[in-house]
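Q: Next up, run26.csv (CSV, C-alpha atoms and all ligand atoms).
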```
chain,number,residue,atom,x,y,z
A,140,MET,CA,-22.9,22.8,16.5
A,141,ASN,CA,-22.4,22.2,20.2
A,142,LEU,CA,-22.9,18.5,20.3
A,143,TYR,CA,-19.3,17.9,21.2
A,144,LYS,CA,-19.3,20.2,24.2
A,145,LYS,CA,-19.3,17.0,26.2
A,146,CYS,CA,-16.9,15.2,23.8
A,147,MET,CA,-13.5,15.8,25.3
A,148,GLY,CA,-11.5,13.5,23.1
A,149,LYS,CA,-11.1,12.5,19.5
A,150,ILE,CA,-13.3,10.6,17.1
A,151,LEU,CA,-11.9,7.4,15.7
A,152,VAL,CA,-13.3,6.3,12.3
A,153,THR,CA,-12.2,2.7,11.4
A,154,GLY,CA,-12.5,2.0,7.7
A,155,GLY,CA,-12.7,5.8,7.2
A,156,ALA,CA,-11.0,5.6,3.8
A,157,GLY,CA,-13.7,3.4,2.5
A,158,TYR,CA,-16.9,4.4,0.7
A,159,ILE,CA,-19.2,5.1,3.7
A,160,GLY,CA,-16.4,6.0,6.2
A,161,SER,CA,-15.0,8.8,4.0
A,162,HIS,CA,-18.5,10.3,3.7
A,163,MET,CA,-18.7,10.1,7.5
A,164,VAL,CA,-15.4,12.0,7.8
A,165,PHE,CA,-16.7,14.8,5.6
A,166,LEU,CA,-20.0,15.0,7.4
A,167,LEU,CA,-18.1,15.3,10.8
A,168,MET,CA,-16.1,18.2,9.3
A,169,GLU,CA,-19.3,19.8,7.9
A,170,LYS,CA,-20.8,19.6,11.4
A,171,GLY,CA,-17.8,21.6,12.7
A,172,ILE,CA,-15.6,18.9,14.1
A,173,LYS,CA,-11.9,19.9,13.7
A,174,LYS,CA,-9.8,17.9,11.4
A,175,GLU,CA,-7.3,17.3,14.1
A,176,ASP,CA,-10.0,15.7,16.2
A,177,ILE,CA,-10.8,13.0,13.6
A,178,ILE,CA,-8.6,10.0,13.3
A,179,VAL,CA,-9.0,7.5,10.5
A,180,LEU,CA,-7.6,4.0,10.9
A,181,ASP,CA,-7.7,2.0,7.7
A,182,ASN,CA,-5.6,-0.7,6.1
A,183,LEU,CA,-6.5,0.4,2.6
A,184,SER,CA,-7.4,-3.2,1.7
A,185,GLU,CA,-10.9,-3.0,0.3
A,186,GLY,CA,-12.0,0.0,-1.6
A,187,GLY,CA,-10.2,2.2,0.9
A,188,ASN,CA,-8.3,5.0,-0.7
A,189,ARG,CA,-6.3,7.8,1.0
A,190,ARG,CA,-7.3,10.2,-1.8
A,191,PHE,CA,-10.9,10.1,-0.5
A,192,LEU,CA,-9.8,11.9,2.6
A,193,PRO,CA,-8.8,15.5,3.2
A,194,ALA,CA,-5.0,15.8,3.2
A,195,GLU,CA,-4.8,17.3,6.7
A,196,ILE,CA,-6.8,14.6,8.4
A,197,ILE,CA,-5.0,12.3,10.9
A,198,PHE,CA,-4.7,9.1,8.9
A,199,VAL,CA,-3.2,5.9,10.3
A,200,GLU,CA,-2.6,3.2,7.8
A,201,GLY,CA,-3.0,0.1,9.9
A,202,ASP,CA,-4.9,-3.1,10.4
A,203,LEU,CA,-7.4,-3.8,13.1
A,204,LEU,CA,-6.1,-7.3,13.2
A,205,ASN,CA,-2.8,-5.9,14.4
A,206,ARG,CA,-3.5,-5.3,18.1
A,207,GLU,CA,-0.2,-3.4,18.6
A,208,LYS,CA,-1.1,-1.0,15.9
A,209,VAL,CA,-4.5,-0.5,17.4
A,210,ARG,CA,-2.9,0.1,20.8
A,211,GLU,CA,-0.5,2.7,19.2
A,212,VAL,CA,-3.6,4.6,18.0
A,213,PHE,CA,-5.3,4.5,21.4
A,214,ASP,CA,-2.0,5.3,23.2
A,215,ARG,CA,-1.3,8.3,21.0
A,216,TYR,CA,-4.8,9.9,20.8
A,217,ASP,CA,-7.3,10.6,23.5
A,218,ILE,CA,-10.2,8.8,21.8
A,219,ASP,CA,-13.7,9.4,23.1
A,220,VAL,CA,-15.9,7.7,20.5
A,221,VAL,CA,-15.5,5.2,17.7
A,222,PHE,CA,-17.4,4.9,14.4
A,223,HIS,CA,-16.6,1.3,13.3
A,224,PHE,CA,-16.9,0.9,9.5
A,225,ALA,CA,-13.9,-1.3,8.9
A,226,GLY,CA,-14.6,-4.8,7.5
A,227,ASN,CA,-15.1,-7.0,4.6
A,228,ALA,CA,-18.5,-6.6,3.0
A,229,TYR,CA,-19.0,-8.8,-0.1
A,230,VAL,CA,-21.8,-11.3,0.5
A,231,ARG,CA,-20.8,-13.6,-2.4
A,232,GLU,CA,-17.1,-13.7,-1.5
A,233,SER,CA,-18.1,-14.6,2.1
A,234,MET,CA,-19.7,-17.8,0.7
A,235,GLU,CA,-16.4,-18.7,-0.9
A,236,PHE,CA,-14.1,-17.6,1.9
A,237,PRO,CA,-16.0,-17.6,5.2
A,238,GLY,CA,-12.8,-17.7,7.3
A,239,LYS,CA,-11.8,-14.3,5.9
A,240,TYR,CA,-15.0,-12.8,7.0
A,241,PHE,CA,-15.1,-14.3,10.5
A,242,TYR,CA,-11.4,-13.5,11.0
A,243,ASN,CA,-11.3,-9.9,9.7
A,244,ASN,CA,-14.7,-8.7,10.8
A,245,VAL,CA,-15.0,-10.5,14.1
A,246,CYS,CA,-11.4,-10.6,15.3
A,247,GLY,CA,-10.8,-7.0,14.2
A,248,SER,CA,-13.8,-5.9,16.2
A,249,ILE,CA,-12.6,-7.8,19.3
A,250,ASN,CA,-9.2,-6.0,19.1
A,251,LEU,CA,-10.9,-2.7,18.8
A,252,LEU,CA,-13.3,-3.4,21.8
A,253,GLU,CA,-10.4,-4.8,23.9
A,254,MET,CA,-8.6,-1.5,23.4
A,255,MET,CA,-11.7,0.5,24.1
A,256,LYS,CA,-12.1,-1.4,27.3
A,257,GLU,CA,-8.5,-0.9,28.3
A,258,LYS,CA,-8.6,2.9,27.6
A,259,ASN,CA,-12.1,3.4,29.0
A,260,VAL,CA,-13.7,4.5,25.7
A,261,LYS,CA,-17.4,4.1,26.2
A,262,LYS,CA,-19.1,4.9,22.9
A,263,ILE,CA,-19.2,3.0,19.6
A,264,ILE,CA,-21.4,3.2,16.6
A,265,PHE,CA,-21.2,0.0,14.5
A,266,SER,CA,-22.0,-0.6,10.8
A,267,SER,CA,-24.2,-3.7,10.9
A,268,SER,CA,-26.3,-4.9,8.0
A,269,CYS,CA,-29.8,-6.1,6.9
A,270,ALA,CA,-27.9,-9.3,6.1
A,271,THR,CA,-28.2,-10.2,9.8
A,272,TYR,CA,-31.9,-10.8,9.2
A,273,GLY,CA,-31.6,-13.4,6.4
A,274,ILE,CA,-35.0,-14.2,5.0
A,275,PRO,CA,-37.4,-12.2,7.1
A,276,ALA,CA,-40.9,-13.6,8.0
A,277,THR,CA,-42.5,-10.2,7.7
A,278,ILE,CA,-42.0,-7.1,5.5
A,279,PRO,CA,-41.2,-4.3,6.3
A,280,ILE,CA,-38.5,-5.6,8.6
A,281,GLU,CA,-38.6,-4.4,12.2
A,282,GLU,CA,-35.5,-4.4,14.4
A,283,ASN,CA,-36.9,-7.1,16.6
A,284,CYS,CA,-37.4,-9.4,13.7
A,285,CYS,CA,-35.7,-12.8,14.0
A,286,GLN,CA,-32.0,-12.6,12.9
A,287,LYS,CA,-31.1,-15.7,10.9
A,288,PRO,CA,-28.3,-14.8,8.5
A,289,ILE,CA,-28.0,-16.9,5.3
A,290,ASN,CA,-24.3,-16.1,4.6
A,291,PRO,CA,-21.1,-15.8,6.6
A,292,TYR,CA,-21.0,-12.0,6.0
A,293,GLY,CA,-24.3,-11.5,7.7
A,294,GLU,CA,-23.3,-14.1,10.4
A,295,SER,CA,-20.1,-12.2,11.1
A,296,LYS,CA,-22.1,-8.9,11.6
A,297,LEU,CA,-24.5,-10.7,13.9
A,298,MET,CA,-21.6,-12.1,15.9
A,299,ILE,CA,-20.2,-8.6,16.4
A,300,GLU,CA,-23.6,-7.4,17.4
A,301,LYS,CA,-23.7,-10.1,20.1
A,302,ILE,CA,-20.2,-9.4,21.2
A,303,LEU,CA,-21.0,-5.7,21.6
A,304,LYS,CA,-24.0,-6.6,23.8
A,305,TRP,CA,-21.6,-8.5,26.1
A,306,TYR,CA,-19.1,-5.7,26.2
A,307,ASN,CA,-21.9,-3.4,27.1
A,308,LYS,CA,-23.2,-5.7,29.9
A,309,ILE,CA,-19.7,-6.4,31.3
A,310,TYR,CA,-17.7,-3.2,30.6
A,311,LYS,CA,-20.5,-0.7,30.1
A,312,ILE,CA,-19.4,0.2,26.6
A,313,ASN,CA,-22.4,1.9,25.0
A,314,TYR,CA,-23.2,1.1,21.4
A,315,VAL,CA,-25.6,1.9,18.6
A,316,LEU,CA,-26.0,-0.8,16.0
A,317,LEU,CA,-27.0,0.5,12.7
A,318,ARG,CA,-28.4,-2.1,10.3
A,319,TYR,CA,-28.0,-0.7,6.8
A,320,PHE,CA,-30.1,-1.7,3.9
A,321,ASN,CA,-28.7,-1.0,0.4
A,322,VAL,CA,-26.5,2.1,0.5
A,323,GLY,CA,-26.0,4.1,-2.7
A,324,GLY,CA,-25.2,7.6,-4.1
A,325,VAL,CA,-22.3,9.8,-3.3
A,326,SER,CA,-21.8,13.3,-2.0
A,327,PHE,CA,-18.9,15.7,-0.9
A,328,GLY,CA,-17.4,15.1,-4.4
A,329,LEU,CA,-16.5,11.6,-3.4
A,330,GLY,CA,-17.1,8.3,-5.1
A,331,GLU,CA,-17.9,4.6,-4.6
A,332,ASN,CA,-14.9,2.5,-5.3
A,333,HIS,CA,-15.3,-1.2,-4.6
A,334,ASN,CA,-13.1,-3.7,-6.4
A,335,PRO,CA,-14.7,-5.8,-7.7
A,336,GLU,CA,-17.9,-3.6,-7.7
A,337,THR,CA,-20.7,-5.7,-6.4
A,338,HIS,CA,-23.2,-3.0,-5.5
A,339,ILE,CA,-26.0,-2.9,-7.9
A,340,ILE,CA,-26.3,0.8,-8.6
A,341,PRO,CA,-22.6,1.5,-9.5
A,342,LEU,CA,-22.5,-1.8,-11.4
A,343,ILE,CA,-25.5,-0.9,-13.6
A,344,ILE,CA,-24.0,2.6,-14.2
A,345,LYS,CA,-20.6,1.1,-15.2
A,346,LEU,CA,-22.1,-1.5,-17.5
A,347,ILE,CA,-24.4,1.0,-19.2
A,348,LEU,CA,-21.5,3.5,-19.7
A,349,GLU,CA,-19.3,0.6,-21.1
A,350,ASP,CA,-22.2,-0.6,-23.3
A,351,LYS,CA,-22.0,-4.1,-21.6
A,352,GLU,CA,-24.7,-6.5,-20.8
A,353,ILE,CA,-26.5,-6.2,-17.5
A,354,LYS,CA,-27.3,-9.6,-16.0
A,355,ILE,CA,-30.5,-9.6,-13.9
A,356,PHE,CA,-31.0,-12.7,-11.9
A,357,GLY,CA,-34.6,-13.8,-11.8
A,358,LYS,CA,-37.7,-12.3,-13.5
A,359,ASP,CA,-40.5,-14.3,-12.0
A,360,TYR,CA,-40.5,-13.0,-8.4
A,361,ASP,CA,-43.8,-11.9,-7.0
A,362,THR,CA,-43.1,-8.2,-7.5
A,363,VAL,CA,-44.2,-5.3,-9.7
A,364,ASP,CA,-42.2,-6.4,-12.7
A,365,GLY,CA,-40.9,-9.8,-11.7
A,366,THR,CA,-37.4,-8.6,-10.5
A,367,CYS,CA,-36.3,-8.3,-6.9
A,368,VAL,CA,-37.2,-5.3,-4.9
A,369,ARG,CA,-34.8,-3.7,-2.5
A,370,ASP,CA,-34.6,-0.7,-0.2
A,371,PHE,CA,-32.0,1.9,-1.2
A,372,ILE,CA,-30.7,4.5,1.1
A,373,HIS,CA,-28.6,7.5,0.2
A,374,VAL,CA,-25.2,7.6,1.8
A,375,SER,CA,-25.8,11.2,3.0
A,376,ASP,CA,-28.9,10.1,4.9
A,377,LEU,CA,-27.0,7.1,6.3
A,378,VAL,CA,-24.1,9.1,7.7
A,379,ASP,CA,-26.5,11.7,9.0
A,380,ALA,CA,-28.1,8.9,11.0
A,381,HIS,CA,-24.6,8.1,12.5
A,382,PHE,CA,-24.2,11.6,13.6
A,383,ARG,CA,-27.6,11.5,15.3
A,384,ALA,CA,-26.7,8.1,16.9
A,385,LEU,CA,-23.7,9.8,18.5
A,386,LYS,CA,-25.9,12.6,19.7
A,387,PHE,CA,-28.3,9.9,21.1
A,388,LEU,CA,-25.5,8.3,23.1
A,389,GLU,CA,-24.1,11.7,24.2
A,390,GLU,CA,-27.6,12.5,25.6
A,391,GLY,CA,-27.6,9.3,27.6
A,392,GLY,CA,-29.6,7.1,25.2
A,393,SER,CA,-29.2,3.4,26.0
A,394,SER,CA,-27.5,1.0,23.7
A,395,ASP,CA,-29.8,-0.1,20.9
A,396,SER,CA,-30.1,-1.2,17.3
A,397,PHE,CA,-31.8,0.6,14.4
A,398,ASN,CA,-32.6,-0.2,10.8
A,399,LEU,CA,-31.5,2.4,8.3
A,400,GLY,CA,-33.7,2.1,5.2
A,401,THR,CA,-36.5,4.0,3.6
A,402,ASN,CA,-39.4,1.6,3.6
A,403,LYS,CA,-39.7,2.2,-0.1
A,404,GLY,CA,-38.6,-0.4,-2.6
A,405,ASN,CA,-37.3,-0.3,-6.1
A,406,SER,CA,-37.1,-3.2,-8.5
A,407,LEU,CA,-33.9,-3.9,-10.4
A,408,LEU,CA,-35.6,-3.0,-13.6
A,409,GLU,CA,-36.7,0.3,-12.1
A,410,LEU,CA,-33.1,1.0,-11.3
A,411,VAL,CA,-32.0,0.3,-14.8
A,412,LYS,CA,-34.7,2.6,-16.2
A,413,ILE,CA,-33.6,5.5,-14.0
A,414,VAL,CA,-29.9,5.0,-15.0
A,415,GLU,CA,-31.1,5.0,-18.7
A,416,GLU,CA,-32.9,8.3,-18.1
A,417,VAL,CA,-29.9,9.9,-16.2
A,418,SER,CA,-27.3,8.7,-18.7
A,419,GLY,CA,-29.3,9.0,-21.9
A,420,LYS,CA,-28.0,5.5,-22.8
A,421,LYS,CA,-29.9,2.3,-23.5
A,422,ALA,CA,-29.2,-0.8,-21.3
A,423,ARG,CA,-28.7,-4.3,-22.7
A,424,ILE,CA,-30.4,-6.6,-20.2
A,425,VAL,CA,-30.0,-10.3,-20.0
A,426,PHE,CA,-32.1,-12.3,-17.7
A,427,LYS,CA,-30.5,-15.2,-15.8
A,428,GLU,CA,-32.0,-17.7,-13.5
A,429,GLY,CA,-32.7,-16.3,-10.0
A,430,ASN,CA,-31.3,-17.6,-6.8
A,431,ALA,CA,-34.0,-19.7,-5.1
A,432,GLY,CA,-33.0,-18.3,-1.7
A,433,ASP,CA,-33.3,-14.6,-2.7
A,434,PRO,CA,-36.2,-12.9,-1.0
A,435,PRO,CA,-38.4,-11.1,-3.6
A,436,VAL,CA,-38.8,-8.0,-1.5
A,437,LEU,CA,-36.7,-6.6,1.4
A,438,LEU,CA,-37.8,-3.4,3.0
A,439,ALA,CA,-37.0,-1.8,6.4
A,440,THR,CA,-39.2,0.2,8.7
A,441,PHE,CA,-37.3,3.2,10.1
A,442,ARG,CA,-39.9,4.1,12.6
A,443,LYS,CA,-37.6,3.4,15.6
A,444,ALA,CA,-34.8,5.6,14.2
A,445,GLU,CA,-37.4,8.3,13.5
A,446,ASN,CA,-38.7,8.1,17.1
A,447,LEU,CA,-35.4,7.7,19.0
A,448,LEU,CA,-32.7,9.2,16.8
A,449,ARG,CA,-35.0,11.8,15.3
A,450,TRP,CA,-33.9,10.7,11.8
A,451,LYS,CA,-35.6,10.1,8.6
A,452,PRO,CA,-34.3,9.6,5.0
A,453,LEU,CA,-34.6,12.8,2.9
A,454,ARG,CA,-33.4,11.6,-0.4
A,455,ASP,CA,-35.0,9.3,-2.9
A,456,ILE,CA,-33.8,6.8,-5.5
A,457,HIS,CA,-33.5,9.5,-8.2
A,458,ASP,CA,-31.1,11.5,-5.9
A,459,ILE,CA,-29.1,8.3,-5.3
A,460,ILE,CA,-28.7,7.3,-8.9
A,461,LYS,CA,-28.1,10.9,-10.2
A,462,SER,CA,-25.4,11.5,-7.6
A,463,ALA,CA,-23.8,8.0,-8.2
A,464,TYR,CA,-23.8,8.7,-11.9
A,465,ASP,CA,-22.2,12.2,-11.6
A,466,GLY,CA,-19.6,10.6,-9.2
A,467,GLU,CA,-18.8,7.9,-11.8
A,468,ILE,CA,-18.3,10.5,-14.5
A,469,ARG,CA,-16.1,12.6,-12.2
A,470,ASN,CA,-14.1,9.5,-11.4
A,471,GLU,CA,-13.6,8.7,-15.1
A,472,LYS,CA,-12.4,12.3,-15.8
A,473,GLN,CA,-9.9,12.1,-12.9
A,474,GLY,CA,-8.7,8.8,-14.2
B,501,LIG,N1,-22.2,-0.4,1.4
B,501,LIG,C1,-23.3,-1.0,1.9
B,501,LIG,O1,-24.3,-1.1,1.2
B,501,LIG,C2,-23.3,-1.7,3.2
B,501,LIG,C3,-24.5,-2.3,3.7
B,501,LIG,C4,-24.5,-2.8,5.0
B,501,LIG,C5,-23.4,-2.7,5.8
B,501,LIG,N2,-22.3,-2.1,5.3
B,501,LIG,C6,-21.1,-2.1,6.2
B,501,LIG,O2,-20.6,-0.7,6.3
B,501,LIG,C7,-19.2,-0.7,6.4
B,501,LIG,C8,-18.6,0.1,5.4
B,501,LIG,O3,-18.9,-0.3,4.1
B,501,LIG,P1,-18.3,0.3,2.7
B,501,LIG,O4,-19.3,0.0,1.7
B,501,LIG,O5,-17.9,1.7,3.0
B,501,LIG,O6,-17.1,-0.7,2.5
B,501,LIG,P2,-15.6,-0.3,2.0
B,501,LIG,O7,-15.0,-1.6,1.6
B,501,LIG,O8,-15.6,0.8,1.0
B,501,LIG,O9,-14.9,0.3,3.3
B,501,LIG,C9,-14.5,-0.6,4.4
B,501,LIG,C10,-13.1,-0.1,4.8
B,501,LIG,O10,-12.6,-0.9,5.8
B,501,LIG,C11,-11.2,-1.1,5.6
B,501,LIG,N3,-10.8,-2.3,6.3
B,501,LIG,C12,-11.2,-3.6,6.1
B,501,LIG,N4,-10.7,-4.4,7.0
B,501,LIG,C13,-9.9,-3.7,7.7
B,501,LIG,C14,-9.0,-4.0,8.8
B,501,LIG,N5,-8.9,-5.2,9.3
B,501,LIG,N6,-8.3,-3.0,9.4
B,501,LIG,C15,-8.4,-1.7,9.0
B,501,LIG,N7,-9.2,-1.3,7.9
B,501,LIG,C16,-9.9,-2.3,7.3
B,501,LIG,C17,-11.0,-1.2,4.1
B,501,LIG,O11,-9.7,-0.8,3.6
B,501,LIG,C18,-12.1,-0.1,3.6
B,501,LIG,O12,-11.5,1.2,3.4
B,501,LIG,C19,-18.7,-2.2,6.3
B,501,LIG,O13,-18.6,-2.7,7.7
B,501,LIG,C20,-19.9,-2.9,5.7
B,501,LIG,O14,-20.1,-4.2,6.1
B,501,LIG,C21,-22.2,-1.6,4.1
```
Could you express the structure from this file as structure tokens?

A:
Amino acid sequence: MNLYKKCMGKILVTGGAGYIGSHMVFLLMEKGIKKEDIIVLDNLSEGGNRRFLPAEIIFVEGDLLNREKVREVFDRYDIDVVFHFAGNAYVRESMEFPGKYFYNNVCGSINLLEMMKEKNVKKIIFSSSCATYGIPATIPIEENCCQKPINPYGESKLMIEKILKWYNKIYKINYVLLRYFNVGGVSFGLGENHNPETHIIPLIIKLILEDKEIKIFGKDYDTVDGTCVRDFIHVSDLVDAHFRALKFLEEGGSSDSFNLGTNKGNSLLELVKIVEEVSGKKARIVFKEGNAGDPPVLLATFRKAENLLRWKPLRDIHDIIKSAYDGEIRNEKQG
């Protein structure tokens, strides 16, 4: 793979010990990037685990909020591009502790961008979220849909998007903003390890394996079976889009934002049914009152990513759930 002919320096992956970041590291290696050209900066605070990464990788345990630590990384390594995954990502927690989200996500990103400015690093690929859209007026959601977050997590991501736009305008730092929908599945023998686990697929898997009740909030939405419908994207497809986003920037593409979803929805009950099939176990479902503010259906169009990044999702919900289930079983065996 000759994409990096032009890439003289190293690749910094912030949050690279986390769920998605660690998949990115493995994808970069699969694409032929040398281990010594990949630097992971992670404070191992949320889900991040050193054991998710190859032993030989350059790993810096450090906090983006510590500007001196960030400076150390940029002083020591000749960084050419940044994949910025680090951040807090629990929607519910953000409603309880908004300050934590604004401080860590926004201030951490500013420290990173300031250092990029100082060291003349011109390319960043940022993990944004469908949470920046809030409750969309139209489905499927297009990138130019109005962004009105309904929680501090989504707001913090939107703030970073705006900050990036200014750093682009003023300092010519080029960015790709990737707005993920619901990411699931595992590959490269990795796992998903959030504590507490709030992501619906690993949660359903854990509850079924432990023979515990699965609470489903709301059964009267205007959907196929009354439960919410969401757009799930396989983490392998997601990190592949990041690689293509880098290629896009390398080839002179201008800074832009892209949805990463599949435009196919699955209801919560459909997810449970697939986990039942994969595990051979029966779920115990309890319905609870839904959140009035929850949109019944959230789907993304990925047409823009298809046109400009030449990307499209290749895996479906069965691939997502089967790989997540196998990952969970593997995790249990490893203790
Ligand atoms: N998983 C999803 O479905 C999803 C959806 C939309 C957006 N995102 C975004 O993608 C990114 C990665 O998500 P994930 O699911 O892999 O989360 P994760 O919690 O597994 O990974 C985030 C990593 O960032 C690290 N981190 C947090 N704050 C840090 C700081 N100040 N300095 C250094 N490291 C720090 C954590 O230790 C962790 O390893 C996040 O920014 C998240 O908001 C995820």

Q: Enumerate, in order of chain and increasing residue number, the residues of chain A with an atom no farther than 8 Å from ligand LIG 501 (chain B), each with its shortest atom pair and distance in Å to one decimal, counting only C-alpha atoms and all ligand atoms, as a Markdown table.

A:
```
| residue | atom | partner | partner_atom | distance |
| --- | --- | --- | --- | --- |
| A:Thr153 | CA | B:LIG501 | N7 | 6.1 |
| A:Gly154 | CA | B:LIG501 | O10 | 3.5 |
| A:Gly155 | CA | B:LIG501 | O12 | 6.1 |
| A:Ala156 | CA | B:LIG501 | O12 | 4.4 |
| A:Gly157 | CA | B:LIG501 | O12 | 3.2 |
| A:Tyr158 | CA | B:LIG501 | O5 | 3.7 |
| A:Ile159 | CA | B:LIG501 | O5 | 3.7 |
| A:Gly160 | CA | B:LIG501 | O5 | 5.6 |
| A:Ser161 | CA | B:LIG501 | O5 | 7.7 |
| A:Leu180 | CA | B:LIG501 | C15 | 6.1 |
| A:Asp181 | CA | B:LIG501 | N7 | 3.6 |
| A:Asn182 | CA | B:LIG501 | N7 | 4.1 |
| A:Leu183 | CA | B:LIG501 | O11 | 3.6 |
| A:Ser184 | CA | B:LIG501 | O11 | 3.8 |
| A:Glu185 | CA | B:LIG501 | O11 | 4.1 |
| A:Gly186 | CA | B:LIG501 | O8 | 4.5 |
| A:Gly187 | CA | B:LIG501 | O12 | 3.0 |
| A:Asn188 | CA | B:LIG501 | O12 | 6.4 |
| A:Glu200 | CA | B:LIG501 | C15 | 7.7 |
| A:Gly201 | CA | B:LIG501 | C15 | 5.8 |
| A:Asp202 | CA | B:LIG501 | N6 | 3.5 |
| A:Leu203 | CA | B:LIG501 | N6 | 3.9 |
| A:Leu204 | CA | B:LIG501 | N5 | 5.2 |
| A:Asn205 | CA | B:LIG501 | N6 | 8.0 |
| A:His223 | CA | B:LIG501 | O13 | 7.2 |
| A:Phe224 | CA | B:LIG501 | C7 | 4.2 |
| A:Ala225 | CA | B:LIG501 | O10 | 3.4 |
| A:Gly226 | CA | B:LIG501 | C12 | 3.9 |
| A:Asn227 | CA | B:LIG501 | C12 | 5.4 |
| A:Ala228 | CA | B:LIG501 | O14 | 4.2 |
| A:Tyr229 | CA | B:LIG501 | O14 | 7.8 |
| A:Asn243 | CA | B:LIG501 | N5 | 5.3 |
| A:Asn244 | CA | B:LIG501 | N5 | 6.9 |
| A:Gly247 | CA | B:LIG501 | N5 | 5.6 |
| A:Phe265 | CA | B:LIG501 | O13 | 7.8 |
| A:Ser266 | CA | B:LIG501 | O2 | 4.7 |
| A:Ser267 | CA | B:LIG501 | C5 | 5.3 |
| A:Ser268 | CA | B:LIG501 | C4 | 4.1 |
| A:Cys269 | CA | B:LIG501 | C4 | 6.5 |
| A:Ala270 | CA | B:LIG501 | C4 | 7.4 |
| A:Tyr292 | CA | B:LIG501 | O14 | 7.9 |
| A:Lys296 | CA | B:LIG501 | O14 | 7.5 |
| A:Arg318 | CA | B:LIG501 | C4 | 6.6 |
| A:Tyr319 | CA | B:LIG501 | C4 | 4.5 |
| A:Phe320 | CA | B:LIG501 | C3 | 5.6 |
| A:Asn321 | CA | B:LIG501 | O1 | 4.5 |
| A:Val322 | CA | B:LIG501 | O1 | 3.9 |
| A:Gly323 | CA | B:LIG501 | O1 | 6.7 |
| A:Glu331 | CA | B:LIG501 | O8 | 7.1 |
| A:Asn332 | CA | B:LIG501 | O8 | 6.6 |
| A:His333 | CA | B:LIG501 | O8 | 6.0 |
| A:His338 | CA | B:LIG501 | O1 | 7.1 |
```

Q: If we count only C-alpha atoms, what is near range 385-398 of chain A at a cut-off of 10 Å, once residues fewer than 2 positions away on the same chain are taken out, given as a PyMOL selection string?

A: chain A and resi 142-146+220-222+261-265+267-269+280-283+300+303-304+307+311-320+380-383+400-401+438-445+447-449

Q: Got time to write the residues from that selection, C-alpha atoms, as a tab-separated table (two decimals), in the frame of the given file?

A:
```tsv
chain	number	residue	atom	x	y	z
A	142	LEU	CA	-22.90	18.50	20.30
A	143	TYR	CA	-19.30	17.90	21.20
A	144	LYS	CA	-19.30	20.20	24.20
A	145	LYS	CA	-19.30	17.00	26.20
A	146	CYS	CA	-16.90	15.20	23.80
A	220	VAL	CA	-15.90	7.70	20.50
A	221	VAL	CA	-15.50	5.20	17.70
A	222	PHE	CA	-17.40	4.90	14.40
A	261	LYS	CA	-17.40	4.10	26.20
A	262	LYS	CA	-19.10	4.90	22.90
A	263	ILE	CA	-19.20	3.00	19.60
A	264	ILE	CA	-21.40	3.20	16.60
A	265	PHE	CA	-21.20	0.00	14.50
A	267	SER	CA	-24.20	-3.70	10.90
A	268	SER	CA	-26.30	-4.90	8.00
A	269	CYS	CA	-29.80	-6.10	6.90
A	280	ILE	CA	-38.50	-5.60	8.60
A	281	GLU	CA	-38.60	-4.40	12.20
A	282	GLU	CA	-35.50	-4.40	14.40
A	283	ASN	CA	-36.90	-7.10	16.60
A	300	GLU	CA	-23.60	-7.40	17.40
A	303	LEU	CA	-21.00	-5.70	21.60
A	304	LYS	CA	-24.00	-6.60	23.80
A	307	ASN	CA	-21.90	-3.40	27.10
A	311	LYS	CA	-20.50	-0.70	30.10
A	312	ILE	CA	-19.40	0.20	26.60
A	313	ASN	CA	-22.40	1.90	25.00
A	314	TYR	CA	-23.20	1.10	21.40
A	315	VAL	CA	-25.60	1.90	18.60
A	316	LEU	CA	-26.00	-0.80	16.00
A	317	LEU	CA	-27.00	0.50	12.70
A	318	ARG	CA	-28.40	-2.10	10.30
A	319	TYR	CA	-28.00	-0.70	6.80
A	320	PHE	CA	-30.10	-1.70	3.90
A	380	ALA	CA	-28.10	8.90	11.00
A	381	HIS	CA	-24.60	8.10	12.50
A	382	PHE	CA	-24.20	11.60	13.60
A	383	ARG	CA	-27.60	11.50	15.30
A	400	GLY	CA	-33.70	2.10	5.20
A	401	THR	CA	-36.50	4.00	3.60
A	438	LEU	CA	-37.80	-3.40	3.00
A	439	ALA	CA	-37.00	-1.80	6.40
A	440	THR	CA	-39.20	0.20	8.70
A	441	PHE	CA	-37.30	3.20	10.10
A	442	ARG	CA	-39.90	4.10	12.60
A	443	LYS	CA	-37.60	3.40	15.60
A	444	ALA	CA	-34.80	5.60	14.20
A	445	GLU	CA	-37.40	8.30	13.50
A	447	LEU	CA	-35.40	7.70	19.00
A	448	LEU	CA	-32.70	9.20	16.80
A	449	ARG	CA	-35.00	11.80	15.30
```

Q: List every protein, DNA or RNA residue with an atom no more than 10 Å from (-23.9, 7.2, -16.0) in the file's coordinates, counting all atoms listed in the file, and format the result as a list of chain:residue names.

A: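 Looking at atoms near the point gives A:Pro341, A:Ile343, A:Ile344, A:Lys345, A:Leu346, A:Ile347, A:Leu348, A:Glu349, A:Val414, A:Glu415, A:Glu416, A:Val417, A:Ser418, A:Gly419, A:Lys420, A:Ile460, A:Lys461, A:Ser462, A:Ala463, A:Tyr464, A:Asp465, A:Gly466, A:Glu467, A:Ile468.
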
Q: Please compute the CA of Arg215 in chain A-CA of Glu169 in chain A distance, one decimal, in Å.

A: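 Pair CA of Arg215 in chain A / CA of Glu169 in chain A returns 25.1 Å.
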
Q: Rounded to one decimal in Å, what is the spacing between CA of Gly365 in chain A and CA of Glu232 in chain A?

A: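 Between these atoms lies a distance of 26.2 Å.
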
Q: So how many Å separate CA of Arg231 in chain A and CA of Arg190 in chain A, to one decimal?

A: 27.4 Å
